[in-house]
Amino acid sequence: MKIGIPREVKILEGRVALVPEAAGELVHHGHEVLVESGAGLQSGYPDEAYARVGVRVVPDAATLYGEARLIVKVKEPQPGEWPLLRPDHIVFSYLHLAAEPELTEALKNIGLTAVAFETVTENGELPLLAPMSDIAGRIAVQVGATLLHEPNGGRGLLLGGVPAAPRGQVVILGAGHAGGNAASLAAGMGANVTVFDRNRHKQAAMRALGPNVTGLHTYRSAIHDAVLKADLLIGAVLIPGARAPHLVSAETVAQMKKGAVIIDISVDQGGCIETTRPTTWKEPTFVHEGVIHFGVTNMPGAVPRTASQALSAVLVPYVLRLAGPDWREDPALAAGINVEKGEVVLSTIHGRGTGN
Ligand SMILES: NC(=O)c1ccc[n+]([C@@H]2O[C@H](COP(=O)([O-])OP(=O)(O)OC[C@H]3O[C@@H](n4cnc5c(N)ncnc54)[C@H](O)[C@@H]3O)[C@@H](O)[C@H]2O)c1
């Protein structure tokens with residue numbers, strides 16, 4: 001199989017789908033791998049790093065799309081890339097077609113096959129989404145801790161406290177990949193962490209993180225009481241295929257401490273805190289009722305090197321399976337087919353978030 005790794009062209013997108021080590025694995029398995037010059041640069045990988053592992057560096061997108069059959073990229077094809085796509089291409093990337101009617105129409109008209117990272121399903125899990133949620137959860141605590149600094153408009157407290165100064169209060173809604181990573185980092189910093197989830201196993205996993213972490217059930221009154229005490233509130237719930245439920249009302253936010261911080265990671269699914277709205281890394285925050293709100297929908301975009309490494313590692317086995325002759329019989333990949341030879345396979349479009 002000729003596998004092509006294009007340079008991402010979406011604004012502010014610095015990730016590359018496969019870092020050189022990952023591309024080298026595909027070469028090792030006998031595939032011919034091409035990379036567009038400069039594709040890895042923003043993630044810290046120059047062309048030479050690809051050449052060293054046997055990947056052929058091609059000068060431009062036209063050559064890459066012209067020669068490769070399987071296109072492995074991060075973001076959904078952008079309008080400028082559509083003329084380069086052909087009916088015999090298989091595109092493997094994040095797609096989010098439910099939110100992109102124009103792209104859906106374009107892919108149908110081209111007549112190609114597109115497999116979406118976000119709907120590849122194995123053992124009931126979405127393995128190609130998890131690493132981005134891990135990253136978003138960790139960024140939420142790093143950013144939240146910094147926004148609490150007084151020069152940034154925050155309450156002026158150190159999240160973990162010090163002797164003679166109390167620990168900060170962190171409240172996290174949802175104990176999945178994003179929420180669990182946020183809890184682990186906040187606990188490591190020494191904060192008092194309360195995590196709400198409706199799943200008892202998740203509550204137990206949070207409690208096991210340490211004596212400063214409490215896992216609780218999502219009773220509305222319990223959430224309300226905890227949020228009023230919070231210095232940092234992180235939203236990270238997910239109901240796959242549905243809008244995030246509002247677990248914190250605007251009235252509750254209005255009663256929060258002034259200078260407290262809200263990071264709603266679930267904002268890409270509508271948000272689980274009523275007052276949040278989508279923002280970008282260019283203008284990441286806004287203040288509502290004296291509370292700093294952060295609603296960036298592509299949080300991992302800030303750390304392209306880490307994100308490319310994490311994404312590559314989960315992608316390699318699926319790219320190898322996709323490059324084989326019988327990949328359509330592979331249930332995990334079959335669940336990922338969103339467009340099959342120009343036909344939209346609607347049942348596979350889960351409407352998952354765009355925050356990756
Ligand atoms: N903003 C970004 O850049 C970004 C990046 C990655 C992921 N995300 C988003 O983060 C969200 C979380 O993703 P994830 O991978 O951690 O999901 P996940 O499925 O691993 O975890 C979600 C958790 O929410 C819990 N939950 C669901 N409904 C609940 C409710 N009513 N009350 C309490 N808990 C509830 C589930 O039990 C589960 O533990 C998603 O919306 C995802 O799209 C955003």
# chains A, B, ... in the order shown; residues from 1 in each chain; ligands from 1
>>> residues_around(residues="range 337-341 of chain A", least_positions_apart="2", cutoff="8 Å", atoms="only C-alpha atoms", output="ChimeraX atom specification")
/A:87,97,107-108,111-116,119-120,333-335,343-346,348-349
>>> closest_atom_pairs(of="chain A", to="ligand 1", cutoff="7 Å", atoms="only C-alpha atoms and all ligand atoms", output="JSON lines")
{"residue": "A:Leu129", "atom": "CA", "partner": "ligand 1", "partner_atom_place_in_ligand_line": "15 (O)", "distance": 6.4}
{"residue": "A:Ala130", "atom": "CA", "partner": "ligand 1", "partner_atom_place_in_ligand_line": "15 (O)", "distance": 5.2}
{"residue": "A:Met132", "atom": "CA", "partner": "ligand 1", "partner_atom_place_in_ligand_line": "6 (C)", "distance": 4.8}
{"residue": "A:Ser133", "atom": "CA", "partner": "ligand 1", "partner_atom_place_in_ligand_line": "6 (C)", "distance": 3.7}
{"residue": "A:Ala136", "atom": "CA", "partner": "ligand 1", "partner_atom_place_in_ligand_line": "5 (C)", "distance": 4.9}
{"residue": "A:Leu173", "atom": "CA", "partner": "ligand 1", "partner_atom_place_in_ligand_line": "33 (C)", "distance": 6.0}
{"residue": "A:Gly174", "atom": "CA", "partner": "ligand 1", "partner_atom_place_in_ligand_line": "24 (O)", "distance": 4.0}
{"residue": "A:Ala175", "atom": "CA", "partner": "ligand 1", "partner_atom_place_in_ligand_line": "39 (O)", "distance": 4.3}
{"residue": "A:Gly176", "atom": "CA", "partner": "ligand 1", "partner_atom_place_in_ligand_line": "21 (O)", "distance": 3.1}
{"residue": "A:His177", "atom": "CA", "partner": "ligand 1", "partner_atom_place_in_ligand_line": "16 (O)", "distance": 3.7}
{"residue": "A:Ala178", "atom": "CA", "partner": "ligand 1", "partner_atom_place_in_ligand_line": "16 (O)", "distance": 3.7}
{"residue": "A:Gly179", "atom": "CA", "partner": "ligand 1", "partner_atom_place_in_ligand_line": "16 (O)", "distance": 5.7}
{"residue": "A:Phe196", "atom": "CA", "partner": "ligand 1", "partner_atom_place_in_ligand_line": "33 (C)", "distance": 5.8}
{"residue": "A:Asp197", "atom": "CA", "partner": "ligand 1", "partner_atom_place_in_ligand_line": "34 (N)", "distance": 3.7}
{"residue": "A:Arg198", "atom": "CA", "partner": "ligand 1", "partner_atom_place_in_ligand_line": "33 (C)", "distance": 4.7}
{"residue": "A:Asn199", "atom": "CA", "partner": "ligand 1", "partner_atom_place_in_ligand_line": "37 (O)", "distance": 5.1}
{"residue": "A:Lys202", "atom": "CA", "partner": "ligand 1", "partner_atom_place_in_ligand_line": "39 (O)", "distance": 6.1}
{"residue": "A:Thr218", "atom": "CA", "partner": "ligand 1", "partner_atom_place_in_ligand_line": "32 (N)", "distance": 5.4}
{"residue": "A:Ala236", "atom": "CA", "partner": "ligand 1", "partner_atom_place_in_ligand_line": "12 (C)", "distance": 4.6}
{"residue": "A:Val237", "atom": "CA", "partner": "ligand 1", "partner_atom_place_in_ligand_line": "24 (O)", "distance": 3.4}
{"residue": "A:Leu238", "atom": "CA", "partner": "ligand 1", "partner_atom_place_in_ligand_line": "22 (C)", "distance": 4.1}
{"residue": "A:Ile239", "atom": "CA", "partner": "ligand 1", "partner_atom_place_in_ligand_line": "27 (C)", "distance": 4.9}
{"residue": "A:Pro240", "atom": "CA", "partner": "ligand 1", "partner_atom_place_in_ligand_line": "19 (O)", "distance": 7.0}
{"residue": "A:Ala244", "atom": "CA", "partner": "ligand 1", "partner_atom_place_in_ligand_line": "41 (O)", "distance": 6.8}
{"residue": "A:Pro245", "atom": "CA", "partner": "ligand 1", "partner_atom_place_in_ligand_line": "31 (N)", "distance": 5.9}
{"residue": "A:Ile265", "atom": "CA", "partner": "ligand 1", "partner_atom_place_in_ligand_line": "1 (N)", "distance": 4.2}
{"residue": "A:Ser266", "atom": "CA", "partner": "ligand 1", "partner_atom_place_in_ligand_line": "41 (O)", "distance": 3.8}
{"residue": "A:Val267", "atom": "CA", "partner": "ligand 1", "partner_atom_place_in_ligand_line": "1 (N)", "distance": 5.9}
{"residue": "A:Asp268", "atom": "CA", "partner": "ligand 1", "partner_atom_place_in_ligand_line": "43 (O)", "distance": 5.7}
{"residue": "A:Gln269", "atom": "CA", "partner": "ligand 1", "partner_atom_place_in_ligand_line": "41 (O)", "distance": 5.0}
{"residue": "A:Gly295", "atom": "CA", "partner": "ligand 1", "partner_atom_place_in_ligand_line": "1 (N)", "distance": 6.8}
{"residue": "A:Val296", "atom": "CA", "partner": "ligand 1", "partner_atom_place_in_ligand_line": "1 (N)", "distance": 5.5}
{"residue": "A:Thr297", "atom": "CA", "partner": "ligand 1", "partner_atom_place_in_ligand_line": "1 (N)", "distance": 3.9}
{"residue": "A:Asn298", "atom": "CA", "partner": "ligand 1", "partner_atom_place_in_ligand_line": "3 (O)", "distance": 3.6}
{"residue": "A:Met299", "atom": "CA", "partner": "ligand 1", "partner_atom_place_in_ligand_line": "3 (O)", "distance": 3.6}
{"residue": "A:Pro300", "atom": "CA", "partner": "ligand 1", "partner_atom_place_in_ligand_line": "3 (O)", "distance": 5.8}
{"residue": "A:Arg352", "atom": "CA", "partner": "ligand 1", "partner_atom_place_in_ligand_line": "43 (O)", "distance": 6.1}
{"residue": "A:Gly353", "atom": "CA", "partner": "ligand 1", "partner_atom_place_in_ligand_line": "43 (O)", "distance": 4.1}
{"residue": "A:Thr354", "atom": "CA", "partner": "ligand 1", "partner_atom_place_in_ligand_line": "43 (O)", "distance": 6.3}
{"residue": "A:Gly355", "atom": "CA", "partner": "ligand 1", "partner_atom_place_in_ligand_line": "4 (C)", "distance": 3.7}
{"residue": "A:Asn356", "atom": "CA", "partner": "ligand 1", "partner_atom_place_in_ligand_line": "5 (C)", "distance": 4.7}
>>> closest_residue(among="A:Glu8, A:Glu67, A:Glu32, A:Glu48", to="Ser93 in chain A", atoms="only C-alpha atoms")
A:Glu8
>>> select_by_dssp(residues="range 221-329 of chain A", states="strand (DSSP E)", output="list of chain:residue names")
A:Leu232, A:Leu233, A:Ile234, A:Gly235, A:Val261, A:Ile262, A:Ile263, A:Asp264, A:Thr285, A:Phe286, A:Val287, A:His288, A:Val291, A:Ile292, A:His293, A:Phe294
>>> closest_residue(among="A:Glu100, A:Glu25, A:Asp60, A:Glu105", to="Ser37 in chain A", atoms="only C-alpha atoms")
A:Asp60
>>> residues_around(residues="Ala182 in chain A", least_positions_apart="2", cutoff="12 Å", atoms="only C-alpha atoms", output="MDAnalysis selection string")
chainID A and resid 133:145 170:180 184:189 191 193:195 206 209 213 232:236 263:265
>>> write_last_selection(atoms="N, CA and C atoms", output="CSV table (one decimal), in the first residue's frame")
chain,number,residue,atom,x,y,z
A,133,SER,N,-8.3,13.3,24.6
A,133,SER,CA,-9.0,13.6,25.9
A,133,SER,C,-8.0,13.6,27.1
A,134,ASP,N,-7.1,12.7,27.0
A,134,ASP,CA,-6.0,12.6,28.1
A,134,ASP,C,-5.3,14.0,28.1
A,135,ILE,N,-4.9,14.5,26.9
A,135,ILE,CA,-4.2,15.7,26.8
A,135,ILE,C,-5.0,16.9,27.3
A,136,ALA,N,-6.3,16.9,26.9
A,136,ALA,CA,-7.2,18.1,27.2
A,136,ALA,C,-7.4,18.1,28.7
A,137,GLY,N,-7.5,17.0,29.4
A,137,GLY,CA,-7.6,16.9,30.8
A,137,GLY,C,-6.4,17.5,31.6
A,138,ARG,N,-5.3,17.2,31.1
A,138,ARG,CA,-4.0,17.7,31.7
A,138,ARG,C,-3.9,19.2,31.4
A,139,ILE,N,-4.2,19.6,30.2
A,139,ILE,CA,-4.1,21.0,29.9
A,139,ILE,C,-5.0,21.8,30.8
A,140,ALA,N,-6.2,21.3,31.0
A,140,ALA,CA,-7.2,22.0,31.8
A,140,ALA,C,-6.7,22.4,33.2
A,141,VAL,N,-5.9,21.5,33.8
A,141,VAL,CA,-5.3,21.8,35.1
A,141,VAL,C,-4.2,22.8,35.0
A,142,GLN,N,-3.3,22.6,34.0
A,142,GLN,CA,-2.2,23.5,33.8
A,142,GLN,C,-2.7,25.0,33.6
A,143,VAL,N,-3.7,25.1,32.6
A,143,VAL,CA,-4.2,26.4,32.3
A,143,VAL,C,-5.0,27.0,33.5
A,144,GLY,N,-5.8,26.1,34.1
A,144,GLY,CA,-6.6,26.5,35.3
A,144,GLY,C,-5.7,27.1,36.4
A,145,ALA,N,-4.6,26.4,36.7
A,145,ALA,CA,-3.7,26.8,37.8
A,145,ALA,C,-3.2,28.2,37.4
A,170,VAL,N,-10.6,21.9,43.8
A,170,VAL,CA,-10.9,21.6,42.3
A,170,VAL,C,-12.1,20.7,42.3
A,171,VAL,N,-13.1,21.1,41.4
A,171,VAL,CA,-14.3,20.2,41.2
A,171,VAL,C,-14.3,19.8,39.7
A,172,ILE,N,-14.4,18.5,39.5
A,172,ILE,CA,-14.4,18.0,38.1
A,172,ILE,C,-15.7,17.2,37.9
A,173,LEU,N,-16.3,17.5,36.8
A,173,LEU,CA,-17.5,16.8,36.4
A,173,LEU,C,-17.2,15.8,35.3
A,174,GLY,N,-17.3,14.5,35.6
A,174,GLY,CA,-17.0,13.4,34.7
A,174,GLY,C,-15.6,12.9,35.0
A,175,ALA,N,-15.5,11.5,35.1
A,175,ALA,CA,-14.3,10.9,35.5
A,175,ALA,C,-13.8,9.9,34.4
A,176,GLY,N,-14.0,10.4,33.2
A,176,GLY,CA,-13.5,9.6,32.0
A,176,GLY,C,-12.1,9.9,31.7
A,177,HIS,N,-11.7,9.8,30.4
A,177,HIS,CA,-10.3,10.1,30.0
A,177,HIS,C,-9.9,11.5,30.4
A,178,ALA,N,-10.7,12.5,30.0
A,178,ALA,CA,-10.4,13.9,30.3
A,178,ALA,C,-10.4,14.2,31.8
A,179,GLY,N,-11.5,13.9,32.4
A,179,GLY,CA,-11.7,14.1,33.8
A,179,GLY,C,-10.7,13.4,34.7
A,180,GLY,N,-10.4,12.1,34.3
A,180,GLY,CA,-9.5,11.3,35.1
A,180,GLY,C,-8.1,11.9,35.1
A,184,SER,N,-6.0,13.4,38.2
A,184,SER,CA,-4.7,12.9,38.6
A,184,SER,C,-3.7,14.1,38.7
A,185,LEU,N,-3.7,15.0,37.7
A,185,LEU,CA,-2.7,16.1,37.8
A,185,LEU,C,-3.0,17.1,38.9
A,186,ALA,N,-4.3,17.4,39.1
A,186,ALA,CA,-4.7,18.3,40.2
A,186,ALA,C,-4.3,17.7,41.6
A,187,ALA,N,-4.5,16.4,41.7
A,187,ALA,CA,-4.2,15.7,43.0
A,187,ALA,C,-2.7,15.8,43.2
A,188,GLY,N,-1.9,15.5,42.1
A,188,GLY,CA,-0.4,15.6,42.2
A,188,GLY,C,0.1,16.9,42.6
A,189,MET,N,-0.7,18.0,42.2
A,189,MET,CA,-0.3,19.3,42.6
A,189,MET,C,-0.6,19.7,44.0
A,191,ALA,N,-3.9,19.8,45.3
A,191,ALA,CA,-5.2,20.4,45.5
A,191,ALA,C,-6.2,19.4,46.2
A,193,VAL,N,-9.4,17.6,45.6
A,193,VAL,CA,-10.1,17.3,44.3
A,193,VAL,C,-11.4,16.6,44.6
A,194,THR,N,-12.5,17.0,44.0
A,194,THR,CA,-13.8,16.3,44.1
A,194,THR,C,-14.3,16.0,42.7
A,195,VAL,N,-14.5,14.8,42.4
A,195,VAL,CA,-14.9,14.4,41.0
A,195,VAL,C,-16.3,13.8,41.1
A,206,MET,N,-11.3,7.2,40.9
A,206,MET,CA,-10.9,8.6,41.3
A,206,MET,C,-10.4,8.6,42.8
A,209,LEU,N,-7.0,7.5,43.5
A,209,LEU,CA,-5.8,8.4,43.1
A,209,LEU,C,-5.1,9.0,44.3
A,213,VAL,N,-8.4,13.0,46.9
A,213,VAL,CA,-9.4,12.9,45.8
A,213,VAL,C,-10.7,12.2,46.3
A,232,LEU,N,-11.4,26.0,41.1
A,232,LEU,CA,-11.3,25.6,39.7
A,232,LEU,C,-12.3,24.6,39.4
A,233,LEU,N,-13.2,24.8,38.4
A,233,LEU,CA,-14.3,23.9,38.0
A,233,LEU,C,-14.0,23.4,36.6
A,234,ILE,N,-13.9,22.1,36.5
A,234,ILE,CA,-13.6,21.5,35.1
A,234,ILE,C,-14.8,20.6,34.7
A,235,GLY,N,-15.3,20.9,33.5
A,235,GLY,CA,-16.4,20.1,32.9
A,235,GLY,C,-15.8,19.1,31.9
A,236,ALA,N,-16.1,17.8,32.1
A,236,ALA,CA,-15.5,16.7,31.3
A,236,ALA,C,-16.5,15.5,31.1
A,263,ILE,N,-13.2,25.7,33.4
A,263,ILE,CA,-12.6,25.1,32.1
A,263,ILE,C,-13.6,24.1,31.7
A,264,ASP,N,-14.4,24.3,30.6
A,264,ASP,CA,-15.4,23.3,30.2
A,264,ASP,C,-14.8,22.5,29.0
A,265,ILE,N,-14.2,21.4,29.3
A,265,ILE,CA,-13.6,20.6,28.2
A,265,ILE,C,-14.7,20.1,27.2
>>> closest_residue(among="A:Gly190, A:Val248, A:Val16, A:Gly270", to="Ala165 in chain A", atoms="only C-alpha atoms")
A:Gly190
>>> residues_around(residues="Gly156 in chain A", least_positions_apart="3", cutoff="10 Å", atoms="only C-alpha atoms", output="number ranges by chain")
A: 145-153, 159, 259-260
>>> residues_around(residues="Ala17 in chain A", least_positions_apart="2", cutoff="12 Å", atoms="only C-alpha atoms", output="ChimeraX atom specification")
/A:3-8,13-15,19-23,35-36,39-40,43,45,71-76,91-94,117,128,304-316,319
>>> select_by_dssp(residues="range 160-273 of chain A", states="alpha helix (DSSP H)", output="ChimeraX atom specification")
/A:177-188,200-207,220-229,250-254
